[in-house]
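model_36.cif follows; it contains mmCIF, C-alpha atoms.
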```cif
data_target
#
loop_
_atom_site.group_PDB
_atom_site.id
_atom_site.type_symbol
_atom_site.label_atom_id
_atom_site.label_comp_id
_atom_site.auth_asym_id
_atom_site.auth_seq_id
_atom_site.Cartn_x
_atom_site.Cartn_y
_atom_site.Cartn_z
ATOM 1 C CA MET A 12 23.370 -8.154 -10.582
ATOM 2 C CA ALA A 13 25.298 -5.421 -12.296
ATOM 3 C CA GLY A 14 27.311 -3.222 -10.015
ATOM 4 C CA ASN A 15 25.439 -0.049 -10.943
ATOM 5 C CA LYS A 16 21.974 -1.382 -10.095
ATOM 6 C CA ARG A 17 19.987 0.555 -7.501
ATOM 7 C CA VAL A 18 16.854 0.125 -5.420
ATOM 8 C CA TYR A 19 14.277 2.921 -5.336
ATOM 9 C CA PHE A 20 11.701 3.794 -2.673
ATOM 10 C CA LEU A 21 8.718 6.047 -3.406
ATOM 11 C CA SER A 22 5.412 6.859 -1.757
ATOM 12 C CA ASP A 23 2.405 9.149 -1.683
ATOM 13 C CA PHE A 24 1.849 9.904 -5.360
ATOM 14 C CA HIS A 25 -1.905 10.231 -4.676
ATOM 15 C CA LEU A 26 -2.556 9.817 -8.386
ATOM 16 C CA GLY A 27 -6.068 10.807 -9.418
ATOM 17 C CA ALA A 28 -6.608 13.147 -6.473
ATOM 18 C CA LYS A 29 -9.097 15.931 -7.083
ATOM 19 C CA TYR A 30 -6.854 18.500 -5.458
ATOM 20 C CA PHE A 31 -4.325 18.340 -8.306
ATOM 21 C CA SER A 32 -4.795 21.255 -10.672
ATOM 22 C CA ASP A 33 -3.868 18.861 -13.491
ATOM 23 C CA ALA A 34 -4.122 15.201 -12.429
ATOM 24 C CA LYS A 35 -2.960 13.932 -15.802
ATOM 25 C CA ALA A 36 0.188 16.067 -15.628
ATOM 26 C CA ALA A 37 0.918 14.670 -12.154
ATOM 27 C CA GLU A 38 0.616 11.134 -13.515
ATOM 28 C CA LYS A 39 2.850 11.915 -16.498
ATOM 29 C CA ARG A 40 5.533 13.301 -14.169
ATOM 30 C CA VAL A 41 5.631 10.021 -12.239
ATOM 31 C CA VAL A 42 5.812 8.061 -15.498
ATOM 32 C CA ARG A 43 8.719 10.191 -16.718
ATOM 33 C CA PHE A 44 10.589 9.488 -13.506
ATOM 34 C CA LEU A 45 9.978 5.751 -13.741
ATOM 35 C CA ASP A 46 11.146 5.813 -17.340
ATOM 36 C CA LYS A 47 14.306 7.648 -16.258
ATOM 37 C CA ILE A 48 15.288 5.022 -13.652
ATOM 38 C CA LYS A 49 14.375 1.898 -15.608
ATOM 39 C CA ASP A 50 17.938 1.210 -16.795
ATOM 40 C CA ASP A 51 19.602 1.232 -13.373
ATOM 41 C CA ALA A 52 16.790 -0.047 -11.120
ATOM 42 C CA SER A 53 16.857 -3.620 -9.896
ATOM 43 C CA GLU A 54 13.920 -3.147 -7.520
ATOM 44 C CA ILE A 55 11.271 -0.520 -6.846
ATOM 45 C CA TYR A 56 9.338 -0.270 -3.599
ATOM 46 C CA LEU A 57 6.094 1.724 -3.650
ATOM 47 C CA LEU A 58 5.254 2.518 -0.036
ATOM 48 C CA GLY A 59 1.573 3.290 -0.214
ATOM 49 C CA ASP A 60 -0.934 5.973 -1.199
ATOM 50 C CA ILE A 61 0.263 5.585 -4.750
ATOM 51 C CA LEU A 62 -3.338 5.992 -5.917
ATOM 52 C CA ASP A 63 -5.566 8.449 -4.110
ATOM 53 C CA TYR A 64 -8.456 5.986 -4.397
ATOM 54 C CA TRP A 65 -8.758 2.433 -5.649
ATOM 55 C CA PHE A 66 -11.453 -0.180 -5.209
ATOM 56 C CA GLU A 67 -11.606 -3.386 -7.222
ATOM 57 C CA TYR A 68 -14.911 -5.006 -7.972
ATOM 58 C CA LYS A 69 -15.046 -8.606 -9.191
ATOM 59 C CA ASN A 70 -15.060 -7.704 -12.871
ATOM 60 C CA VAL A 71 -14.471 -3.953 -12.858
ATOM 61 C CA VAL A 72 -11.601 -1.668 -11.857
ATOM 62 C CA PRO A 73 -11.651 2.135 -11.544
ATOM 63 C CA ARG A 74 -11.169 4.383 -14.532
ATOM 64 C CA GLY A 75 -7.821 6.121 -14.984
ATOM 65 C CA TYR A 76 -4.133 5.553 -14.147
ATOM 66 C CA VAL A 77 -3.541 4.046 -17.612
ATOM 67 C CA ARG A 78 -0.122 5.612 -18.182
ATOM 68 C CA PHE A 79 1.118 4.769 -14.704
ATOM 69 C CA LEU A 80 -0.143 1.178 -14.643
ATOM 70 C CA GLY A 81 1.187 0.631 -18.152
ATOM 71 C CA LYS A 82 4.643 1.834 -17.095
ATOM 72 C CA ILE A 83 4.607 -0.407 -14.005
ATOM 73 C CA ALA A 84 3.679 -3.372 -16.208
ATOM 74 C CA GLU A 85 6.495 -2.505 -18.619
ATOM 75 C CA LEU A 86 9.081 -2.310 -15.826
ATOM 76 C CA SER A 87 7.855 -5.530 -14.259
ATOM 77 C CA ASP A 88 7.951 -7.318 -17.617
ATOM 78 C CA SER A 89 11.530 -6.127 -18.110
ATOM 79 C CA GLY A 90 12.625 -7.943 -14.940
ATOM 80 C CA ILE A 91 12.513 -5.144 -12.361
ATOM 81 C CA LYS A 92 11.053 -6.446 -9.109
ATOM 82 C CA ILE A 93 8.257 -4.183 -7.897
ATOM 83 C CA THR A 94 6.732 -4.347 -4.414
ATOM 84 C CA TRP A 95 3.702 -2.245 -3.495
ATOM 85 C CA LEU A 96 2.940 -1.763 0.199
ATOM 86 C CA ILE A 97 -0.619 -0.509 0.374
ATOM 87 C CA GLY A 98 -1.436 2.644 2.302
ATOM 88 C CA ASN A 99 -4.596 4.160 3.732
ATOM 89 C CA HIS A 100 -5.763 5.526 0.362
ATOM 90 C CA ASP A 101 -5.050 2.517 -1.874
ATOM 91 C CA ILE A 102 -6.310 -0.026 0.674
ATOM 92 C CA TRP A 103 -8.588 -2.000 -1.583
ATOM 93 C CA ILE A 104 -6.069 -3.616 -3.881
ATOM 94 C CA PHE A 105 -7.080 -7.255 -4.212
ATOM 95 C CA ASP A 106 -5.977 -9.572 -7.018
ATOM 96 C CA TYR A 107 -6.162 -7.461 -10.189
ATOM 97 C CA LEU A 108 -3.010 -5.360 -9.857
ATOM 98 C CA PRO A 109 -0.754 -8.208 -8.650
ATOM 99 C CA SER A 110 -1.903 -10.577 -11.391
ATOM 100 C CA GLU A 111 -2.125 -8.001 -14.191
ATOM 101 C CA LEU A 112 1.102 -6.143 -13.433
ATOM 102 C CA GLY A 113 3.221 -8.988 -12.080
ATOM 103 C CA ILE A 114 4.018 -7.201 -8.834
ATOM 104 C CA ASN A 115 4.087 -8.164 -5.170
ATOM 105 C CA VAL A 116 1.484 -6.420 -2.994
ATOM 106 C CA VAL A 117 1.989 -6.274 0.779
ATOM 107 C CA ASP A 118 -0.639 -5.204 3.317
ATOM 108 C CA GLY A 119 1.283 -4.064 6.396
ATOM 109 C CA SER A 120 4.967 -3.846 7.195
ATOM 110 C CA LEU A 121 7.765 -5.725 5.471
ATOM 111 C CA VAL A 122 11.194 -6.664 6.810
ATOM 112 C CA THR A 123 13.535 -7.704 4.026
ATOM 113 C CA ASP A 124 17.187 -7.837 2.990
ATOM 114 C CA ILE A 125 18.174 -5.455 0.187
ATOM 115 C CA LEU A 126 21.691 -5.438 -1.274
ATOM 116 C CA GLY A 127 23.148 -6.844 1.939
ATOM 117 C CA LYS A 128 21.292 -4.566 4.378
ATOM 118 C CA ARG A 129 18.160 -5.200 6.425
ATOM 119 C CA PHE A 130 15.196 -2.891 5.853
ATOM 120 C CA TYR A 131 11.965 -2.308 7.760
ATOM 121 C CA LEU A 132 9.417 -0.929 5.283
ATOM 122 C CA SER A 133 5.912 0.364 5.946
ATOM 123 C CA HIS A 134 3.533 2.964 4.607
ATOM 124 C CA GLY A 135 3.296 4.106 8.212
ATOM 125 C CA ASP A 136 -0.455 4.155 8.858
ATOM 126 C CA ASN A 137 -0.271 0.871 10.770
ATOM 127 C CA ILE A 138 2.445 1.754 13.281
ATOM 128 C CA GLY A 139 3.324 4.370 15.870
ATOM 129 C CA GLU A 140 0.975 6.678 17.736
ATOM 130 C CA ARG A 141 -2.239 7.238 15.792
ATOM 131 C CA PRO A 142 -5.399 9.175 16.717
ATOM 132 C CA LEU A 143 -8.322 7.044 17.875
ATOM 133 C CA GLY A 144 -10.544 8.283 15.054
ATOM 134 C CA PHE A 145 -7.967 7.295 12.443
ATOM 135 C CA ARG A 146 -7.579 3.820 13.969
ATOM 136 C CA LEU A 147 -11.354 3.295 13.979
ATOM 137 C CA ILE A 148 -11.723 4.347 10.350
ATOM 138 C CA ARG A 149 -8.794 2.148 9.375
ATOM 139 C CA SER A 150 -10.359 -0.889 11.058
ATOM 140 C CA VAL A 151 -13.682 -0.265 9.302
ATOM 141 C CA PHE A 152 -12.001 0.100 5.904
ATOM 142 C CA ARG A 153 -10.221 -3.237 6.375
ATOM 143 C CA ASN A 154 -13.243 -5.120 7.679
ATOM 144 C CA LYS A 155 -14.287 -7.821 5.167
ATOM 145 C CA VAL A 156 -17.997 -7.394 5.880
ATOM 146 C CA CYS A 157 -17.779 -3.626 5.403
ATOM 147 C CA GLN A 158 -15.843 -4.131 2.169
ATOM 148 C CA LYS A 159 -18.544 -6.497 0.907
ATOM 149 C CA LEU A 160 -21.319 -4.053 1.752
ATOM 150 C CA TYR A 161 -19.402 -1.171 0.174
ATOM 151 C CA SER A 162 -18.876 -3.152 -3.026
ATOM 152 C CA SER A 163 -22.661 -3.547 -3.389
ATOM 153 C CA ILE A 164 -23.051 0.232 -3.824
ATOM 154 C CA HIS A 165 -22.799 1.480 -7.397
ATOM 155 C CA PRO A 166 -19.445 3.127 -8.235
ATOM 156 C CA ARG A 167 -21.279 6.248 -9.427
ATOM 157 C CA TRP A 168 -21.842 6.920 -5.716
ATOM 158 C CA THR A 169 -18.755 5.460 -4.048
ATOM 159 C CA ILE A 170 -16.058 6.989 -6.250
ATOM 160 C CA PRO A 171 -17.249 10.622 -5.967
ATOM 161 C CA PHE A 172 -17.793 10.119 -2.238
ATOM 162 C CA ALA A 173 -14.257 8.789 -1.710
ATOM 163 C CA THR A 174 -12.479 11.330 -3.908
ATOM 164 C CA ASN A 175 -14.414 14.276 -2.451
ATOM 165 C CA TRP A 176 -13.638 13.064 1.072
ATOM 166 C CA SER A 177 -9.945 12.926 0.210
ATOM 167 C CA LYS A 178 -10.046 16.409 -1.302
ATOM 168 C CA SER A 179 -11.869 17.814 1.730
ATOM 169 C CA SER A 180 -9.371 16.223 4.100
ATOM 170 C CA ARG A 181 -6.449 17.666 2.154
ATOM 171 C CA GLU A 182 -7.999 21.139 2.074
ATOM 172 C CA LYS A 183 -8.616 21.090 5.818
ATOM 173 C CA SER A 184 -4.995 20.191 6.551
ATOM 174 C CA ASN A 185 -3.954 22.749 3.888
ATOM 175 C CA SER A 186 -0.312 21.589 3.726
ATOM 176 C CA THR A 187 2.251 19.074 4.887
ATOM 177 C CA PRO A 188 2.427 19.085 8.706
ATOM 178 C CA PRO A 189 5.501 20.821 10.107
ATOM 179 C CA TYR A 190 8.293 18.649 11.423
ATOM 180 C CA LYS A 191 8.745 19.201 15.149
ATOM 181 C CA GLY A 192 11.733 16.936 15.713
ATOM 182 C CA SER A 193 12.144 13.196 16.096
ATOM 183 C CA ASP A 194 10.833 13.245 19.685
ATOM 184 C CA ASN A 195 7.470 14.496 18.378
ATOM 185 C CA GLU A 196 7.269 12.486 15.154
ATOM 186 C CA PRO A 197 5.346 9.187 15.617
ATOM 187 C CA LEU A 198 7.197 7.274 12.899
ATOM 188 C CA MET A 199 10.622 8.323 14.152
ATOM 189 C CA LYS A 200 9.649 7.445 17.714
ATOM 190 C CA PHE A 201 8.488 4.034 16.533
ATOM 191 C CA ALA A 202 11.729 3.459 14.600
ATOM 192 C CA SER A 203 13.825 4.425 17.611
ATOM 193 C CA ARG A 204 11.955 2.042 19.922
ATOM 194 C CA HIS A 205 12.005 -0.764 17.373
ATOM 195 C CA ALA A 206 15.719 -0.311 16.637
ATOM 196 C CA SER A 207 16.569 -0.609 20.343
ATOM 197 C CA GLN A 208 15.037 -4.095 20.325
ATOM 198 C CA ASN A 209 16.052 -5.123 16.803
ATOM 199 C CA PRO A 210 19.701 -4.192 16.234
ATOM 200 C CA ASP A 211 19.774 -6.165 12.981
ATOM 201 C CA ILE A 212 17.703 -3.489 11.187
ATOM 202 C CA ASP A 213 19.839 -1.047 9.200
ATOM 203 C CA TYR A 214 17.168 1.172 7.664
ATOM 204 C CA TYR A 215 13.564 2.140 8.317
ATOM 205 C CA VAL A 216 11.632 3.578 5.378
ATOM 206 C CA PHE A 217 8.143 5.087 5.697
ATOM 207 C CA GLY A 218 5.618 7.100 3.733
ATOM 208 C CA HIS A 219 2.283 8.457 4.952
ATOM 209 C CA ARG A 220 3.389 11.626 6.733
ATOM 210 C CA HIS A 221 4.335 13.679 3.627
ATOM 211 C CA LEU A 222 7.532 14.776 5.374
ATOM 212 C CA LEU A 223 10.997 14.402 3.884
ATOM 213 C CA ILE A 224 13.296 13.287 6.698
ATOM 214 C CA LYS A 225 16.412 11.191 7.117
ATOM 215 C CA GLU A 226 17.821 10.756 10.624
ATOM 216 C CA SER A 227 19.716 8.260 12.739
ATOM 217 C CA VAL A 228 17.487 6.415 15.206
ATOM 218 C CA SER A 229 20.236 4.324 16.821
ATOM 219 C CA ASP A 230 23.977 3.783 16.562
ATOM 220 C CA ASN A 231 23.362 1.367 13.686
ATOM 221 C CA ALA A 232 20.100 2.420 12.038
ATOM 222 C CA GLU A 233 18.692 5.312 10.010
ATOM 223 C CA ALA A 234 15.057 6.167 9.326
ATOM 224 C CA VAL A 235 13.634 7.887 6.267
ATOM 225 C CA ILE A 236 10.202 9.387 5.640
ATOM 226 C CA LEU A 237 9.831 9.685 1.893
ATOM 227 C CA GLY A 238 7.913 12.940 1.453
ATOM 228 C CA ASP A 239 5.369 12.972 -1.384
ATOM 229 C CA TRP A 240 4.698 13.736 -5.047
ATOM 230 C CA ILE A 241 2.203 16.491 -4.350
ATOM 231 C CA ASP A 242 4.677 19.193 -3.379
ATOM 232 C CA LEU A 243 8.096 17.572 -2.908
ATOM 233 C CA TYR A 244 8.616 14.993 -5.723
ATOM 234 C CA SER A 245 10.982 13.096 -3.446
ATOM 235 C CA TYR A 246 12.317 9.565 -3.267
ATOM 236 C CA ALA A 247 15.089 7.451 -1.743
ATOM 237 C CA CYS A 248 17.716 5.421 -3.561
ATOM 238 C CA PHE A 249 19.953 2.666 -2.185
ATOM 239 C CA ASP A 250 23.103 1.515 -3.964
ATOM 240 C CA GLY A 251 24.265 -1.052 -1.406
ATOM 241 C CA ASN A 252 26.380 1.456 0.491
ATOM 242 C CA GLU A 253 24.182 4.442 1.295
ATOM 243 C CA LEU A 254 20.490 5.287 1.364
ATOM 244 C CA LYS A 255 20.083 8.747 -0.167
ATOM 245 C CA ILE A 256 17.040 10.983 -0.467
ATOM 246 C CA ASN A 257 16.615 12.985 -3.652
ATOM 247 C CA ILE A 258 14.255 15.399 -5.379
ATOM 248 C CA TYR A 259 13.078 14.787 -8.933
ATOM 249 C CA LYS A 260 13.152 17.964 -11.007
ATOM 250 C CA ASP A 261 11.871 17.888 -14.555
ATOM 251 C CA PHE A 262 10.149 21.240 -14.723
#
```
Hey, can you dump this file as structure tokens for me?
Amino acid sequence: MAGNKRVYFLSDFHLGAKYFSDAKAAEKRVVRFLDKIKDDASEIYLLGDILDYWFEYKNVVPRGYVRFLGKIAELSDSGIKITWLIGNHDIWIFDYLPSELGINVVDGSLVTDILGKRFYLSHGDNIGERPLGFRLIRSVFRNKVCQKLYSSIHPRWTIPFATNWSKSSREKSNSTPPYKGSDNEPLMKFASRHASQNPDIDYYVFGHRHLLIKESVSDNAEAVILGDWIDLYSYACFDGNELKINIYKDF
């Protein structure tokens, strides 16, 4: 590997969301960023909620995302390793995206070595303190019987239902939740507890919360929440020495 190669971490694009004033412009911005990093990236980790909604049927996939999926395929074909950890919006990725794009899809958390350091990666919806209602919905969404029943409903009904639900949820929350310190942030609390029992972990990287945070959680470990591409356009980059958070500005 060339000495200038870097590893990138991104999450929460929510491509296709109805609450974007211009969804196509949001997708093009992501594609421009991916095109910008293609020459120095050795790996890219997508930590969930990349698509605001996705459900694969046996012979049909949802409309849209052509520019983004084409760019991911191009990067994968060029030799860049791409790993997609699914979130709570892009849950229903089955075999199409891995086989078509040549990427690795992970459902859950991933512990892996990257450029000599050990990383704990997760979208974040499967760990830490979560409201009961959220945990119930999550279990229903991942239930194989429920998925089978849902797939029997025509997409003309399911897609508008899902995208309108997402829009309504976003409008009710109105904005990214305020950060009230690591003692009150579920993902940071989880990282701190986990690091105390797993001193071999150097970095924790999460999405989900739409907060942009980087803090130490032990004497040896740091945790990052990656923000989003709705308001922040943020990402993390690791060069083998330091994990940095950055903002992409092209406008």
Hits from the PyMOL selection byres ((chain A and resi 23-36) around 7), listed as a PyMOL selection string: chain A and resi 22+37-40+59-63+174+178+218-219+239-241
Of the listed residues A:Leu160, A:Leu222, A:Ala173, A:Leu237, that which approaches A:Trp65 most closely, counting all atoms listed in the file: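 For A:Trp65, the nearest of the candidates is A:Ala173.
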Starting from the shown file, work through the PyMOL selection byres ((chain A and resi 224) around 7) and note down what comes out as a PDB file with C-alpha atoms, in the coordinates of the input.
```
ATOM      1  CA  LEU A 222       7.532  14.776   5.374  1.00  0.00           C
ATOM      2  CA  LEU A 223      10.997  14.402   3.884  1.00  0.00           C
ATOM      3  CA  LYS A 225      16.412  11.191   7.117  1.00  0.00           C
ATOM      4  CA  GLU A 226      17.821  10.756  10.624  1.00  0.00           C
ATOM      5  CA  VAL A 235      13.634   7.887   6.267  1.00  0.00           C
ATOM      6  CA  ILE A 236      10.202   9.387   5.640  1.00  0.00           C
ATOM      7  CA  LEU A 237       9.831   9.685   1.893  1.00  0.00           C
TER       8      LEU A 237
END
```
Nearby residues (all atoms listed in the file) at most 12 Å from A:Lys49, same-chain spacing under 2 positions excluded, as a PyMOL selection string: chain A and resi 16-19+42-47+51-55+82-93
Which residue of A:Asp136, A:Glu253, A:Asp242, A:Asp106 approaches A:Arg220 most closely, using all atoms listed in the file: A:Asp136
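Candidate residues A:His100, A:Arg78, A:His221, A:Lys255 were compared for distance to A:Ile148, and the nearest is A:His100, using only C-alpha atoms.
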Test item: the PyMOL selection byres ((chain A and resi 214) around 9) resolved as a ChimeraX atom specification: /A:128-132,212-213,215-216,231-235,254
Who sits within 7 Å of stretch 94-99 of chain A, all atoms listed in the file, same chain under 3 positions skipped, as a VMD selection string: chain A and resid 55 to 60 102 114 to 119 133 to 134 136
Point-to-point distance from atom CA of A:Gly139 to atom CA of A:Met199, Å rounded to tenths: 8.5 Å
Distance of atom CA of A:Ile170 from atom CA of A:Phe66, expressed in Å to one decimal place: 8.6 Å
Point-to-point distance from atom CA of A:Pro171 to atom CA of A:Val72, Å rounded to tenths: 14.8 Å
Axis-aligned box for stretch 79-89 of chain A, 5 Å per side, centre and edges in Å as AutoDock Vina command-line options:
```
--center_x 5.7 --center_y -1.3 --center_z -16.3 --size_x 21.7 --size_y 22.1 --size_z 14.6
```
Selected residue of minimal separation from A:Asn15 among A:Val151, A:Leu243, A:Leu126, A:Val77, counting all atoms listed in the file: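 Once distances to A:Asn15 are computed over all atoms listed in the file, the minimum belongs to A:Leu126.
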